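*Asks:* Pasting in a structure now, in structure tokens, and then I'll have a few things to ask.
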Amino acid sequence: MQQSLNDLNQAYQNFFKSTKGQRKGKPVKPPKFKSRKLKQTARFTKGGFKIGQNKVYLAKIGKVKIVW
């Protein structure tokens, strides 16, 4: 939840900077609320995962086997 709030905050900052002319490039449109039903994603910080030889450790999930 916190990450999505950070993304929303950044989107609005980019939009308002664009309307004031403080942002380079083409004008940015206001953020849209998108449906998140089609694909599942996850974000992990630097401490949120560890990569081993045959397994990856993911925080809150545990060890996941890698298929190369």
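Chain labels follow the order of the structure tokens: the first chain is A, the next B, and so on; residue numbering restarts at 1 in every chain, and ligands are counted from 1 in their shown order.
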If you run DSSP on the backbone here, which positions in segment 3-52 of chain A get alpha helix (DSSP H)? Please write them as a PyMOL selection string.

*Replies:* chain A and resi 3-20

*Asks:* Just the residues within 12 Å of Lys29 of chain A, please, counting only C-alpha atoms, with nothing from its chain fewer than 4 positions along; format it as JSON, numbers by chain.

*Replies:* {"A": [11, 12, 13, 14, 15, 16, 17, 18, 19]}

*Asks:* Please dump the current selection as a tab-separated table (two decimals), in the first residue's frame; keep all heavy atoms.

*Replies:*
chain	number	residue	atom	x	y	z
A	11	ALA	N	3.38	10.72	-9.28
A	11	ALA	CA	2.61	11.02	-10.49
A	11	ALA	C	2.00	12.42	-10.41
A	11	ALA	O	2.05	13.18	-11.39
A	11	ALA	CB	1.53	9.97	-10.69
A	12	TYR	N	1.45	12.77	-9.26
A	12	TYR	CA	0.87	14.10	-9.11
A	12	TYR	C	1.94	15.18	-9.11
A	12	TYR	O	1.74	16.26	-9.65
A	12	TYR	CB	0.00	14.19	-7.86
A	12	TYR	CG	-1.42	13.75	-8.12
A	12	TYR	CD1	-1.92	12.57	-7.61
A	12	TYR	CD2	-2.27	14.53	-8.91
A	12	TYR	CE1	-3.23	12.17	-7.86
A	12	TYR	CE2	-3.57	14.14	-9.16
A	12	TYR	CZ	-4.04	12.95	-8.64
A	12	TYR	OH	-5.33	12.57	-8.91
A	13	GLN	N	3.09	14.91	-8.50
A	13	GLN	CA	4.18	15.89	-8.53
A	13	GLN	C	4.63	16.14	-9.97
A	13	GLN	O	4.83	17.29	-10.36
A	13	GLN	CB	5.36	15.39	-7.70
A	13	GLN	CG	5.15	15.53	-6.22
A	13	GLN	CD	6.36	15.06	-5.42
A	13	GLN	OE1	7.38	14.68	-5.99
A	13	GLN	NE2	6.25	15.09	-4.11
A	14	ASN	N	4.77	15.07	-10.76
A	14	ASN	CA	5.15	15.23	-12.16
A	14	ASN	C	4.10	16.03	-12.93
A	14	ASN	O	4.43	16.88	-13.76
A	14	ASN	CB	5.35	13.87	-12.82
A	14	ASN	CG	6.56	13.15	-12.30
A	14	ASN	OD1	7.46	13.76	-11.74
A	14	ASN	ND2	6.59	11.84	-12.47
A	15	PHE	N	2.83	15.75	-12.66
A	15	PHE	CA	1.74	16.45	-13.35
A	15	PHE	C	1.76	17.94	-13.04
A	15	PHE	O	1.71	18.78	-13.94
A	15	PHE	CB	0.39	15.84	-12.96
A	15	PHE	CG	-0.79	16.64	-13.41
A	15	PHE	CD1	-1.07	16.79	-14.76
A	15	PHE	CD2	-1.61	17.25	-12.49
A	15	PHE	CE1	-2.16	17.54	-15.18
A	15	PHE	CE2	-2.71	17.99	-12.90
A	15	PHE	CZ	-2.98	18.14	-14.25
A	16	PHE	N	1.85	18.30	-11.76
A	16	PHE	CA	1.80	19.71	-11.38
A	16	PHE	C	3.06	20.45	-11.83
A	16	PHE	O	2.99	21.62	-12.23
A	16	PHE	CB	1.56	19.87	-9.89
A	16	PHE	CG	0.15	19.51	-9.48
A	16	PHE	CD1	-0.09	18.50	-8.58
A	16	PHE	CD2	-0.93	20.18	-10.03
A	16	PHE	CE1	-1.39	18.17	-8.22
A	16	PHE	CE2	-2.24	19.86	-9.69
A	16	PHE	CZ	-2.47	18.84	-8.78
A	17	LYS	N	4.23	19.80	-11.78
A	17	LYS	CA	5.44	20.43	-12.30
A	17	LYS	C	5.33	20.67	-13.79
A	17	LYS	O	5.80	21.68	-14.31
A	17	LYS	CB	6.67	19.57	-11.99
A	17	LYS	CG	7.13	19.65	-10.57
A	17	LYS	CD	8.38	18.83	-10.36
A	17	LYS	CE	8.83	18.87	-8.92
A	17	LYS	NZ	10.03	18.04	-8.70
A	18	SER	N	4.69	19.75	-14.49
A	18	SER	CA	4.50	19.87	-15.92
A	18	SER	C	3.58	21.04	-16.26
A	18	SER	O	3.83	21.78	-17.21
A	18	SER	CB	3.93	18.58	-16.49
A	18	SER	OG	3.69	18.70	-17.87
A	19	THR	N	2.51	21.22	-15.48
A	19	THR	CA	1.58	22.32	-15.75
A	19	THR	C	2.21	23.67	-15.47
A	19	THR	O	1.85	24.66	-16.10
A	19	THR	CB	0.29	22.18	-14.92
A	19	THR	OG1	0.62	22.15	-13.55
A	19	THR	CG2	-0.48	20.93	-15.31

*Asks:* Using DSSP on the backbone coordinates, identify all residues within chain A classified as strand (DSSP E or B); present the result as an NGL selection string.

*Replies:* :A and (49-51 or 55-58 or 62-65)

*Asks:* Output all heavy atoms for every residue in that selection, as a PDB file, in the first residue's frame.

*Replies:*
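As written to disk, selection-v2.pdb reads:
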ATOM      1  N   PHE A  49      14.864  -9.628  -0.462  1.00  0.00           N
ATOM      2  CA  PHE A  49      15.122 -10.883  -1.158  1.00  0.00           C
ATOM      3  C   PHE A  49      16.595 -11.238  -1.095  1.00  0.00           C
ATOM      4  O   PHE A  49      17.441 -10.376  -0.892  1.00  0.00           O
ATOM      5  CB  PHE A  49      14.664 -10.798  -2.621  1.00  0.00           C
ATOM      6  CG  PHE A  49      15.460  -9.828  -3.448  1.00  0.00           C
ATOM      7  CD1 PHE A  49      16.535 -10.257  -4.204  1.00  0.00           C
ATOM      8  CD2 PHE A  49      15.133  -8.491  -3.479  1.00  0.00           C
ATOM      9  CE1 PHE A  49      17.269  -9.375  -4.967  1.00  0.00           C
ATOM     10  CE2 PHE A  49      15.854  -7.602  -4.240  1.00  0.00           C
ATOM     11  CZ  PHE A  49      16.927  -8.048  -4.989  1.00  0.00           C
ATOM     12  N   LYS A  50      16.884 -12.516  -1.245  1.00  0.00           N
ATOM     13  CA  LYS A  50      18.256 -13.022  -1.319  1.00  0.00           C
ATOM     14  C   LYS A  50      18.294 -14.090  -2.397  1.00  0.00           C
ATOM     15  O   LYS A  50      17.410 -14.943  -2.466  1.00  0.00           O
ATOM     16  CB  LYS A  50      18.697 -13.632   0.014  1.00  0.00           C
ATOM     17  CG  LYS A  50      18.809 -12.626   1.139  1.00  0.00           C
ATOM     18  CD  LYS A  50      19.206 -13.303   2.434  1.00  0.00           C
ATOM     19  CE  LYS A  50      19.151 -12.306   3.570  1.00  0.00           C
ATOM     20  NZ  LYS A  50      19.388 -12.921   4.856  1.00  0.00           N
ATOM     21  N   ILE A  51      19.304 -14.050  -3.227  1.00  0.00           N
ATOM     22  CA  ILE A  51      19.431 -15.012  -4.322  1.00  0.00           C
ATOM     23  C   ILE A  51      20.486 -16.042  -3.962  1.00  0.00           C
ATOM     24  O   ILE A  51      21.613 -15.694  -3.627  1.00  0.00           O
ATOM     25  CB  ILE A  51      19.813 -14.307  -5.638  1.00  0.00           C
ATOM     26  CG1 ILE A  51      18.728 -13.300  -6.005  1.00  0.00           C
ATOM     27  CG2 ILE A  51      19.994 -15.322  -6.754  1.00  0.00           C
ATOM     28  CD1 ILE A  51      19.041 -12.446  -7.189  1.00  0.00           C
ATOM     29  N   LYS A  55      17.732 -21.405  -5.140  1.00  0.00           N
ATOM     30  CA  LYS A  55      16.528 -20.858  -4.522  1.00  0.00           C
ATOM     31  C   LYS A  55      16.656 -19.352  -4.349  1.00  0.00           C
ATOM     32  O   LYS A  55      17.748 -18.820  -4.261  1.00  0.00           O
ATOM     33  CB  LYS A  55      16.275 -21.508  -3.166  1.00  0.00           C
ATOM     34  CG  LYS A  55      15.946 -22.975  -3.263  1.00  0.00           C
ATOM     35  CD  LYS A  55      15.567 -23.552  -1.941  1.00  0.00           C
ATOM     36  CE  LYS A  55      15.244 -25.040  -2.132  1.00  0.00           C
ATOM     37  NZ  LYS A  55      14.820 -25.666  -0.903  1.00  0.00           N
ATOM     38  N   VAL A  56      15.516 -18.705  -4.300  1.00  0.00           N
ATOM     39  CA  VAL A  56      15.438 -17.276  -4.009  1.00  0.00           C
ATOM     40  C   VAL A  56      14.599 -17.129  -2.758  1.00  0.00           C
ATOM     41  O   VAL A  56      13.514 -17.712  -2.658  1.00  0.00           O
ATOM     42  CB  VAL A  56      14.775 -16.502  -5.174  1.00  0.00           C
ATOM     43  CG1 VAL A  56      14.594 -15.044  -4.818  1.00  0.00           C
ATOM     44  CG2 VAL A  56      15.582 -16.636  -6.438  1.00  0.00           C
ATOM     45  N   TYR A  57      15.098 -16.372  -1.798  1.00  0.00           N
ATOM     46  CA  TYR A  57      14.333 -16.102  -0.587  1.00  0.00           C
ATOM     47  C   TYR A  57      13.597 -14.780  -0.778  1.00  0.00           C
ATOM     48  O   TYR A  57      14.208 -13.751  -1.068  1.00  0.00           O
ATOM     49  CB  TYR A  57      15.245 -16.006   0.638  1.00  0.00           C
ATOM     50  CG  TYR A  57      14.501 -15.542   1.858  1.00  0.00           C
ATOM     51  CD1 TYR A  57      13.704 -16.419   2.578  1.00  0.00           C
ATOM     52  CD2 TYR A  57      14.565 -14.226   2.273  1.00  0.00           C
ATOM     53  CE1 TYR A  57      12.997 -15.993   3.688  1.00  0.00           C
ATOM     54  CE2 TYR A  57      13.858 -13.785   3.377  1.00  0.00           C
ATOM     55  CZ  TYR A  57      13.080 -14.676   4.074  1.00  0.00           C
ATOM     56  OH  TYR A  57      12.370 -14.257   5.165  1.00  0.00           O
ATOM     57  N   LEU A  58      12.281 -14.796  -0.649  1.00  0.00           N
ATOM     58  CA  LEU A  58      11.459 -13.594  -0.752  1.00  0.00           C
ATOM     59  C   LEU A  58      10.824 -13.318   0.599  1.00  0.00           C
ATOM     60  O   LEU A  58      10.257 -14.224   1.221  1.00  0.00           O
ATOM     61  CB  LEU A  58      10.364 -13.784  -1.805  1.00  0.00           C
ATOM     62  CG  LEU A  58      10.844 -14.121  -3.212  1.00  0.00           C
ATOM     63  CD1 LEU A  58       9.659 -14.411  -4.106  1.00  0.00           C
ATOM     64  CD2 LEU A  58      11.676 -13.003  -3.779  1.00  0.00           C
ATOM     65  N   GLY A  62       9.037 -16.689   1.601  1.00  0.00           N
ATOM     66  CA  GLY A  62       9.949 -17.770   1.940  1.00  0.00           C
ATOM     67  C   GLY A  62      10.810 -18.150   0.774  1.00  0.00           C
ATOM     68  O   GLY A  62      10.998 -17.368  -0.152  1.00  0.00           O
ATOM     69  N   LYS A  63      11.336 -19.370   0.807  1.00  0.00           N
ATOM     70  CA  LYS A  63      12.230 -19.833  -0.253  1.00  0.00           C
ATOM     71  C   LYS A  63      11.419 -20.307  -1.446  1.00  0.00           C
ATOM     72  O   LYS A  63      10.438 -21.039  -1.305  1.00  0.00           O
ATOM     73  CB  LYS A  63      13.117 -20.971   0.255  1.00  0.00           C
ATOM     74  CG  LYS A  63      14.108 -20.503   1.297  1.00  0.00           C
ATOM     75  CD  LYS A  63      14.986 -21.645   1.754  1.00  0.00           C
ATOM     76  CE  LYS A  63      15.954 -21.165   2.818  1.00  0.00           C
ATOM     77  NZ  LYS A  63      16.774 -22.262   3.343  1.00  0.00           N
ATOM     78  N   VAL A  64      11.844 -19.891  -2.630  1.00  0.00           N
ATOM     79  CA  VAL A  64      11.184 -20.285  -3.875  1.00  0.00           C
ATOM     80  C   VAL A  64      12.232 -20.941  -4.767  1.00  0.00           C
ATOM     81  O   VAL A  64      13.315 -20.387  -4.981  1.00  0.00           O
ATOM     82  CB  VAL A  64      10.587 -19.053  -4.600  1.00  0.00           C
ATOM     83  CG1 VAL A  64       9.935 -19.450  -5.909  1.00  0.00           C
ATOM     84  CG2 VAL A  64       9.596 -18.346  -3.705  1.00  0.00           C
ATOM     85  N   LYS A  65      11.933 -22.107  -5.278  1.00  0.00           N
ATOM     86  CA  LYS A  65      12.874 -22.837  -6.116  1.00  0.00           C
ATOM     87  C   LYS A  65      12.977 -22.165  -7.487  1.00  0.00           C
ATOM     88  O   LYS A  65      11.978 -21.756  -8.075  1.00  0.00           O
ATOM     89  CB  LYS A  65      12.411 -24.278  -6.288  1.00  0.00           C
ATOM     90  CG  LYS A  65      13.382 -25.145  -7.043  1.00  0.00           C
ATOM     91  CD  LYS A  65      12.898 -26.574  -7.113  1.00  0.00           C
ATOM     92  CE  LYS A  65      13.869 -27.407  -7.914  1.00  0.00           C
ATOM     93  NZ  LYS A  65      13.408 -28.797  -8.038  1.00  0.00           N
TER      94      LYS A  65
END

*Asks:* Find the residue from A:Gln22, A:Pro27, A:Ala59, A:Leu8 that sits nearest to Thr45 of chain A; use only C-alpha atoms when measuring.

*Replies:*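 Counting only C-alpha atoms, the residue closest to Thr45 of chain A is A:Ala59.
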
*Asks:* Which is closer to Pro31 of chain A than all the others in A:Asp7, A:Arg43, A:Asn54, A:Ile66, using only C-alpha atoms?

*Replies:*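 Under the stated criterion, the closest residue is A:Asp7.
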